[in-house]
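S.K.: Handing over structure05.pdb, PDB, C-alpha atoms, pLDDT in the B column.
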```pdb
ATOM      1  CA  MET J   1     -38.184   6.691 -29.697  1.00 89.00           C
ATOM      2  CA  THR J   2     -40.192   4.215 -27.668  1.00 89.00           C
ATOM      3  CA  LYS J   3     -42.521   1.606 -29.112  1.00 88.00           C
ATOM      4  CA  ALA J   4     -45.465   3.428 -27.468  1.00 89.00           C
ATOM      5  CA  GLU J   5     -44.484   6.672 -29.231  1.00 90.00           C
ATOM      6  CA  PHE J   6     -44.129   4.830 -32.532  1.00 90.00           C
ATOM      7  CA  LEU J   7     -47.624   3.374 -32.171  1.00 86.00           C
ATOM      8  CA  THR J   8     -49.118   6.858 -31.759  1.00 87.00           C
ATOM      9  CA  LEU J   9     -47.789   8.087 -35.114  1.00 89.00           C
ATOM     10  CA  PRO J  10     -50.521   8.799 -37.665  1.00 86.00           C
ATOM     11  CA  GLU J  11     -50.835   6.545 -40.683  1.00 83.00           C
ATOM     12  CA  GLY J  12     -48.517   7.631 -43.484  1.00 77.00           C
ATOM     13  CA  PRO J  13     -47.388   8.827 -45.820  1.00 75.00           C
ATOM     14  CA  PRO J  14     -44.671   9.067 -44.874  1.00 81.00           C
ATOM     15  CA  ASP J  15     -44.488   5.456 -43.734  1.00 87.00           C
ATOM     16  CA  PHE J  16     -41.953   4.088 -41.276  1.00 89.00           C
ATOM     17  CA  GLU J  17     -40.723   0.850 -39.808  1.00 89.00           C
ATOM     18  CA  PHE J  18     -39.538   0.677 -36.192  1.00 92.00           C
ATOM     19  CA  GLU J  19     -36.143  -0.842 -35.495  1.00 92.00           C
ATOM     20  CA  HIS J  20     -34.498  -0.785 -32.070  1.00 92.00           C
ATOM     21  CA  GLY J  21     -35.849   2.661 -31.154  1.00 92.00           C
ATOM     22  CA  GLU J  22     -35.320   4.241 -34.586  1.00 91.00           C
ATOM     23  CA  LEU J  23     -37.788   5.255 -37.266  1.00 89.00           C
ATOM     24  CA  ILE J  24     -36.779   3.793 -40.617  1.00 89.00           C
ATOM     25  CA  PRO J  25     -38.373   5.660 -43.563  1.00 84.00           C
ATOM     26  CA  MET J  26     -40.014   3.465 -46.175  1.00 84.00           C
ATOM     27  CA  PRO J  27     -39.756   4.885 -49.682  1.00 79.00           C
ATOM     28  CA  ARG J  28     -42.670   4.197 -52.004  1.00 74.00           C
ATOM     29  CA  PRO J  29     -41.994   1.006 -53.973  1.00 75.00           C
ATOM     30  CA  HIS J  30     -40.977   1.094 -57.628  1.00 82.00           C
ATOM     31  CA  SER J  31     -43.603  -0.122 -60.116  1.00 85.00           C
ATOM     32  CA  ARG J  32     -41.607  -3.318 -60.804  1.00 88.00           C
ATOM     33  CA  HIS J  33     -41.591  -4.008 -57.067  1.00 88.00           C
ATOM     34  CA  GLN J  34     -45.374  -3.603 -57.018  1.00 92.00           C
ATOM     35  CA  ASP J  35     -45.794  -5.882 -60.055  1.00 93.00           C
ATOM     36  CA  ILE J  36     -43.826  -8.634 -58.302  1.00 94.00           C
ATOM     37  CA  ALA J  37     -45.763  -8.229 -55.055  1.00 94.00           C
ATOM     38  CA  THR J  38     -49.085  -8.382 -56.923  1.00 94.00           C
ATOM     39  CA  ALA J  39     -48.118 -11.495 -58.891  1.00 94.00           C
ATOM     40  CA  LEU J  40     -46.853 -13.358 -55.828  1.00 95.00           C
ATOM     41  CA  ALA J  41     -49.799 -12.326 -53.674  1.00 96.00           C
ATOM     42  CA  ARG J  42     -52.299 -13.526 -56.269  1.00 94.00           C
ATOM     43  CA  VAL J  43     -50.721 -16.984 -56.506  1.00 95.00           C
ATOM     44  CA  LEU J  44     -50.023 -17.423 -52.797  1.00 97.00           C
ATOM     45  CA  GLN J  45     -53.452 -16.278 -51.662  1.00 96.00           C
ATOM     46  CA  VAL J  46     -55.132 -18.780 -53.995  1.00 95.00           C
ATOM     47  CA  TYR J  47     -52.767 -21.620 -53.000  1.00 97.00           C
ATOM     48  CA  VAL J  48     -53.138 -20.916 -49.269  1.00 97.00           C
ATOM     49  CA  ALA J  49     -56.946 -20.613 -49.450  1.00 96.00           C
ATOM     50  CA  ARG J  50     -57.361 -23.690 -51.665  1.00 96.00           C
ATOM     51  CA  ASN J  51     -55.287 -25.774 -49.246  1.00 96.00           C
ATOM     52  CA  GLN J  52     -56.799 -24.161 -46.130  1.00 97.00           C
ATOM     53  CA  LEU J  53     -53.348 -23.326 -44.769  1.00 97.00           C
ATOM     54  CA  GLY J  54     -54.004 -19.904 -43.219  1.00 98.00           C
ATOM     55  CA  ARG J  55     -53.833 -16.390 -44.714  1.00 97.00           C
ATOM     56  CA  CYS J  56     -51.493 -14.107 -46.665  1.00 97.00           C
ATOM     57  CA  TRP J  57     -51.278 -10.316 -46.575  1.00 97.00           C
ATOM     58  CA  VAL J  58     -49.491  -7.650 -48.574  1.00 95.00           C
ATOM     59  CA  GLU J  59     -47.734  -4.822 -46.702  1.00 93.00           C
ATOM     60  CA  ILE J  60     -49.200  -5.344 -43.246  1.00 95.00           C
ATOM     61  CA  ASP J  61     -47.652  -4.055 -40.011  1.00 95.00           C
ATOM     62  CA  VAL J  62     -45.884  -6.891 -38.202  1.00 97.00           C
ATOM     63  CA  GLU J  63     -44.879  -6.287 -34.588  1.00 96.00           C
ATOM     64  CA  LEU J  64     -42.252  -8.991 -34.212  1.00 96.00           C
ATOM     65  CA  ASN J  65     -41.320  -7.903 -30.694  1.00 95.00           C
ATOM     66  CA  GLU J  66     -40.919  -4.762 -28.601  1.00 93.00           C
ATOM     67  CA  ASP J  67     -37.966  -3.587 -30.726  1.00 94.00           C
ATOM     68  CA  LEU J  68     -39.077  -4.448 -34.265  1.00 96.00           C
ATOM     69  CA  THR J  69     -42.099  -3.484 -36.316  1.00 96.00           C
ATOM     70  CA  TYR J  70     -41.710  -4.114 -40.026  1.00 96.00           C
ATOM     71  CA  VAL J  71     -44.004  -3.911 -43.033  1.00 95.00           C
ATOM     72  CA  PRO J  72     -42.920  -6.891 -45.143  1.00 97.00           C
ATOM     73  CA  ASP J  73     -43.969  -7.090 -48.764  1.00 95.00           C
ATOM     74  CA  LEU J  74     -45.892 -10.313 -48.099  1.00 97.00           C
ATOM     75  CA  VAL J  75     -46.651 -12.254 -44.934  1.00 98.00           C
ATOM     76  CA  PHE J  76     -48.146 -15.693 -44.315  1.00 98.00           C
ATOM     77  CA  LEU J  77     -49.689 -17.015 -41.105  1.00 98.00           C
ATOM     78  CA  THR J  78     -50.670 -20.657 -40.711  1.00 98.00           C
ATOM     79  CA  THR J  79     -54.155 -21.393 -39.447  1.00 97.00           C
ATOM     80  CA  GLU J  80     -52.754 -22.103 -35.981  1.00 97.00           C
ATOM     81  CA  HIS J  81     -51.193 -18.611 -35.843  1.00 98.00           C
ATOM     82  CA  LEU J  82     -54.118 -16.579 -37.205  1.00 97.00           C
ATOM     83  CA  SER J  83     -54.719 -15.263 -33.677  1.00 97.00           C
ATOM     84  CA  PHE J  84     -51.590 -13.105 -34.190  1.00 97.00           C
ATOM     85  CA  HIS J  85     -53.655 -11.001 -36.607  1.00 97.00           C
ATOM     86  CA  SER J  86     -55.879  -8.335 -35.081  1.00 93.00           C
ATOM     87  CA  GLU J  87     -59.012  -7.520 -37.056  1.00 91.00           C
ATOM     88  CA  LYS J  88     -59.381  -4.460 -34.824  1.00 91.00           C
ATOM     89  CA  ASP J  89     -56.243  -2.630 -35.945  1.00 90.00           C
ATOM     90  CA  GLY J  90     -55.150  -4.811 -38.874  1.00 91.00           C
ATOM     91  CA  ARG J  91     -51.713  -5.627 -37.446  1.00 93.00           C
ATOM     92  CA  ILE J  92     -49.892  -8.860 -36.805  1.00 97.00           C
ATOM     93  CA  ARG J  93     -48.453  -9.170 -33.315  1.00 97.00           C
ATOM     94  CA  GLY J  94     -46.039 -12.066 -33.225  1.00 97.00           C
ATOM     95  CA  VAL J  95     -43.833 -14.011 -35.560  1.00 98.00           C
ATOM     96  CA  PRO J  96     -45.260 -14.839 -39.003  1.00 98.00           C
ATOM     97  CA  ASP J  97     -44.635 -18.269 -40.512  1.00 98.00           C
ATOM     98  CA  LEU J  98     -43.256 -16.732 -43.710  1.00 98.00           C
ATOM     99  CA  VAL J  99     -41.998 -13.263 -44.573  1.00 98.00           C
ATOM    100  CA  ILE J 100     -41.278 -12.246 -48.168  1.00 98.00           C
ATOM    101  CA  GLU J 101     -39.194  -9.201 -48.975  1.00 97.00           C
ATOM    102  CA  ILE J 102     -38.774  -7.906 -52.502  1.00 96.00           C
ATOM    103  CA  VAL J 103     -35.251  -6.558 -52.427  1.00 94.00           C
ATOM    104  CA  SER J 104     -35.295  -2.780 -52.482  1.00 76.00           C
ATOM    105  CA  ARG J 105     -33.409  -1.094 -55.312  1.00 78.00           C
ATOM    106  CA  SER J 106     -32.525   1.806 -53.027  1.00 77.00           C
ATOM    107  CA  ASN J 107     -31.073  -0.253 -50.159  1.00 82.00           C
ATOM    108  CA  PRO J 108     -30.605  -3.971 -50.922  1.00 89.00           C
ATOM    109  CA  GLY J 109     -28.457  -4.487 -47.828  1.00 89.00           C
ATOM    110  CA  ARG J 110     -31.422  -3.708 -45.615  1.00 91.00           C
ATOM    111  CA  ASP J 111     -33.373  -6.751 -46.896  1.00 94.00           C
ATOM    112  CA  ARG J 112     -30.353  -9.018 -47.420  1.00 95.00           C
ATOM    113  CA  VAL J 113     -28.506  -8.296 -44.166  1.00 96.00           C
ATOM    114  CA  THR J 114     -30.350  -6.189 -41.573  1.00 95.00           C
ATOM    115  CA  LYS J 115     -33.826  -7.668 -41.957  1.00 96.00           C
ATOM    116  CA  PHE J 116     -32.400 -11.121 -42.728  1.00 97.00           C
ATOM    117  CA  ASN J 117     -30.639 -11.130 -39.345  1.00 97.00           C
ATOM    118  CA  ASN J 118     -33.511  -9.489 -37.465  1.00 97.00           C
ATOM    119  CA  TYR J 119     -36.106 -11.924 -38.845  1.00 98.00           C
ATOM    120  CA  LEU J 120     -33.854 -14.824 -37.858  1.00 98.00           C
ATOM    121  CA  ALA J 121     -33.327 -13.417 -34.342  1.00 97.00           C
ATOM    122  CA  ALA J 122     -37.086 -12.876 -33.958  1.00 97.00           C
ATOM    123  CA  GLY J 123     -37.768 -16.503 -34.915  1.00 97.00           C
ATOM    124  CA  VAL J 124     -39.318 -16.180 -38.395  1.00 98.00           C
ATOM    125  CA  PRO J 125     -39.054 -19.762 -39.698  1.00 98.00           C
ATOM    126  CA  TRP J 126     -39.267 -19.023 -43.455  1.00 98.00           C
ATOM    127  CA  TYR J 127     -37.831 -16.010 -45.296  1.00 98.00           C
ATOM    128  CA  TRP J 128     -37.965 -15.379 -49.042  1.00 98.00           C
ATOM    129  CA  LEU J 129     -35.976 -12.779 -50.946  1.00 98.00           C
ATOM    130  CA  ILE J 130     -36.994 -11.739 -54.457  1.00 96.00           C
ATOM    131  CA  ASP J 131     -34.610  -9.653 -56.567  1.00 94.00           C
ATOM    132  CA  THR J 132     -36.451  -7.024 -58.618  1.00 92.00           C
ATOM    133  CA  GLU J 133     -33.850  -6.923 -61.390  1.00 89.00           C
ATOM    134  CA  SER J 134     -32.948 -10.574 -61.977  1.00 92.00           C
ATOM    135  CA  LEU J 135     -36.167 -12.084 -60.557  1.00 94.00           C
ATOM    136  CA  ILE J 136     -34.002 -14.512 -58.563  1.00 96.00           C
ATOM    137  CA  GLN J 137     -36.112 -16.054 -55.825  1.00 97.00           C
ATOM    138  CA  GLU J 138     -34.488 -17.454 -52.693  1.00 98.00           C
ATOM    139  CA  GLU J 139     -36.062 -19.315 -49.802  1.00 98.00           C
ATOM    140  CA  TYR J 140     -34.419 -19.604 -46.399  1.00 98.00           C
ATOM    141  CA  HIS J 141     -35.466 -21.812 -43.500  1.00 98.00           C
ATOM    142  CA  ALA J 142     -34.369 -21.283 -39.900  1.00 98.00           C
ATOM    143  CA  GLU J 143     -32.488 -24.281 -38.562  1.00 95.00           C
ATOM    144  CA  ALA J 144     -30.116 -24.484 -35.599  1.00 94.00           C
ATOM    145  CA  GLY J 145     -29.965 -20.701 -35.169  1.00 94.00           C
ATOM    146  CA  ARG J 146     -29.227 -19.809 -38.780  1.00 97.00           C
ATOM    147  CA  TYR J 147     -31.000 -19.553 -42.114  1.00 98.00           C
ATOM    148  CA  SER J 148     -30.260 -22.263 -44.664  1.00 97.00           C
ATOM    149  CA  ARG J 149     -31.187 -21.730 -48.287  1.00 98.00           C
ATOM    150  CA  THR J 150     -33.702 -24.434 -49.195  1.00 97.00           C
ATOM    151  CA  ALA J 151     -34.764 -23.303 -52.673  1.00 97.00           C
ATOM    152  CA  ALA J 152     -33.696 -20.852 -55.349  1.00 97.00           C
ATOM    153  CA  ALA J 153     -34.600 -20.087 -58.942  1.00 97.00           C
ATOM    154  CA  GLU J 154     -33.598 -17.529 -61.524  1.00 94.00           C
ATOM    155  CA  GLY J 155     -36.147 -15.493 -63.453  1.00 88.00           C
ATOM    156  CA  GLY J 156     -37.860 -17.801 -65.940  1.00 90.00           C
ATOM    157  CA  GLU J 157     -37.102 -20.933 -63.904  1.00 95.00           C
ATOM    158  CA  ILE J 158     -39.563 -22.769 -61.697  1.00 97.00           C
ATOM    159  CA  PHE J 159     -39.317 -21.907 -57.998  1.00 97.00           C
ATOM    160  CA  ARG J 160     -40.401 -24.806 -55.757  1.00 97.00           C
ATOM    161  CA  PRO J 161     -40.478 -23.531 -52.190  1.00 98.00           C
ATOM    162  CA  ALA J 162     -40.160 -26.114 -49.427  1.00 97.00           C
ATOM    163  CA  ALA J 163     -42.563 -24.053 -47.292  1.00 97.00           C
ATOM    164  CA  PHE J 164     -45.394 -24.926 -49.715  1.00 97.00           C
ATOM    165  CA  PRO J 165     -45.015 -28.478 -51.068  1.00 94.00           C
ATOM    166  CA  GLY J 166     -46.503 -28.812 -54.526  1.00 94.00           C
ATOM    167  CA  LEU J 167     -46.319 -25.104 -55.328  1.00 96.00           C
ATOM    168  CA  ALA J 168     -44.357 -24.239 -58.470  1.00 96.00           C
ATOM    169  CA  LEU J 169     -43.857 -20.587 -59.420  1.00 94.00           C
ATOM    170  CA  ASP J 170     -42.498 -19.136 -62.633  1.00 94.00           C
ATOM    171  CA  LEU J 171     -42.295 -15.489 -61.612  1.00 92.00           C
ATOM    172  CA  LYS J 172     -41.321 -14.259 -65.067  1.00 91.00           C
ATOM    173  CA  ALA J 173     -44.372 -15.976 -66.612  1.00 89.00           C
ATOM    174  CA  LEU J 174     -46.636 -14.574 -63.887  1.00 91.00           C
ATOM    175  CA  LEU J 175     -45.403 -11.060 -64.599  1.00 89.00           C
ATOM    176  CA  GLU J 176     -45.895 -11.536 -68.341  1.00 88.00           C
ATOM    177  CA  GLU J 177     -49.475 -12.751 -67.712  1.00 87.00           C
ATOM    178  CA  GLN J 178     -50.348  -9.591 -65.802  1.00 82.00           C
ATOM    179  CA  GLY J 179     -48.795  -7.392 -68.500  1.00 79.00           C
ATOM    180  CA  ALA J 180     -45.806  -6.218 -66.476  1.00 69.00           C
ATOM    181  CA  ILE J 181     -42.948  -4.758 -68.463  1.00 66.00           C
ATOM    182  CA  LEU J 182     -39.917  -7.005 -68.147  1.00 58.00           C
TER     183      LEU J 182
END
```
Any chance you could give the structure as structure tokens?
M.R.:
Amino acid sequence: MTKAEFLTLPEGPPDFEFEHGELIPMPRPHSRHQDIATALARVLQVYVARNQLGRCWVEIDVELNEDLTYVPDLVFLTTEHLSFHSEKDGRIRGVPDLVIEIVSRSNPGRDRVTKFNNYLAAGVPWYWLIDTESLIQEEYHAEAGRYSRTAAAEGGEIFRPAAFPGLALDLKALLEEQGAIL
């Protein structure tokens, strides 16, 4: 399938990502996945707005290049890259400053290997992985053609991402506050 053909598909469901000419089906996220995305989005959107750093979105189409269109769980653009976002069609065209993927229960290798490598190749400078079961949070930063892990925390520990100095997240506490079942 060509990128032009992909762009003519109607909005889902079913929803798809586009990867090197193939349609990749996106299963509906598990409720725990949604709880994590909601908790992170709430904190990041407030932090980013308060510090006038740019904008965050949940599940927005990101056209990284001609071969890759993904729908990450969360995306951040710095103020200087806000022009990548189109108000007209609601997509991001270009490389986000941060992509967050909540590791899929159905296919963890996709987030941990395939997307990890594709985001790096596309030039995404910051990549976070969040494990739905353990609540382990990992932050990776692109340096010298590879991702280096710059921060990590287990569920219940404080996550201090280098991408956002001064931000401290306790994901388990955030989920408890919003009434999520742990």
S.K.: For the file shown, what are the residues hit by the PyMOL selection byres ((chain J and resi 154-166) around 12), laid out as an MDAnalysis selection string?
M.R.: chainID J and resid 36 40 43:45 47:48 51:54 76:78 97:100 125:142 148:153 167:176 182
S.K.: Kindly resolve the PyMOL selection byres ((chain J and resi 2) around 9) on the present coordinates and return the residues as a list in words.
M.R.: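 Taken on the displayed file, the PyMOL selection byres ((chain J and resi 2) around 9) yields the residues Met1, Lys3, Ala4, Glu5, Phe6, Leu7, His20, Gly21, Glu22 and Asp67 of chain J.
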S.K.: So which residues get picked by the PyMOL selection byres ((chain J and resi 74) around 6) here, written as an NGL selection string?
M.R.: :J and (57-59 or 72-73 or 75 or 100)
S.K.: Could you save those same residues with C-alpha atoms as a PDB file, in the frame of the given file?
M.R.:
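Output file out.pdb follows:
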```pdb
ATOM      1  CA  TRP J  57     -51.278 -10.316 -46.575  1.00 97.00           C
ATOM      2  CA  VAL J  58     -49.491  -7.650 -48.574  1.00 95.00           C
ATOM      3  CA  GLU J  59     -47.734  -4.822 -46.702  1.00 93.00           C
ATOM      4  CA  PRO J  72     -42.920  -6.891 -45.143  1.00 97.00           C
ATOM      5  CA  ASP J  73     -43.969  -7.090 -48.764  1.00 95.00           C
ATOM      6  CA  VAL J  75     -46.651 -12.254 -44.934  1.00 98.00           C
ATOM      7  CA  ILE J 100     -41.278 -12.246 -48.168  1.00 98.00           C
TER       8      ILE J 100
END
```
S.K.: With a distance cut-off of 10 Å and only C-alpha atoms, select the neighbouring residues of Gln34 of chain J, excluding the residue or stretch itself and same-chain residues fewer than 3 positions from it, and output the selection as a list in words.
M.R.: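 The contact residues come out as Arg28, Pro29, His30, Ser31, Ala37, Thr38, Ala39, Leu40, Asp73, Ile102, Thr132 and Ala180 of chain J.
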S.K.: How far is it from atom CA of Arg91 of chain J to atom CA of Val62 of chain J, in Å with one decimal?
M.R.: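 Atom CA of Val62 of chain J lies 6.0 Å from atom CA of Arg91 of chain J.
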S.K.: Taking only C-alpha atoms into account, name the residue in J:Ala144, J:Val113, J:Ala41, J:Val71 that is nearest to Pro96 of chain J.
M.R.: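 The closest residue to Pro96 of chain J is J:Val71.
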S.K.: Please compute the atom CA of Leu64 of chain J-atom CA of Pro25 of chain J distance, one decimal, in Å.
M.R.: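 Pair atom CA of Leu64 of chain J / atom CA of Pro25 of chain J returns 17.8 Å.
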S.K.: Using Å and a single decimal, report how far atom CA of Ala49 of chain J sits from atom CA of Lys88 of chain J.
M.R.: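 Distance between the two atoms: 21.9 Å.
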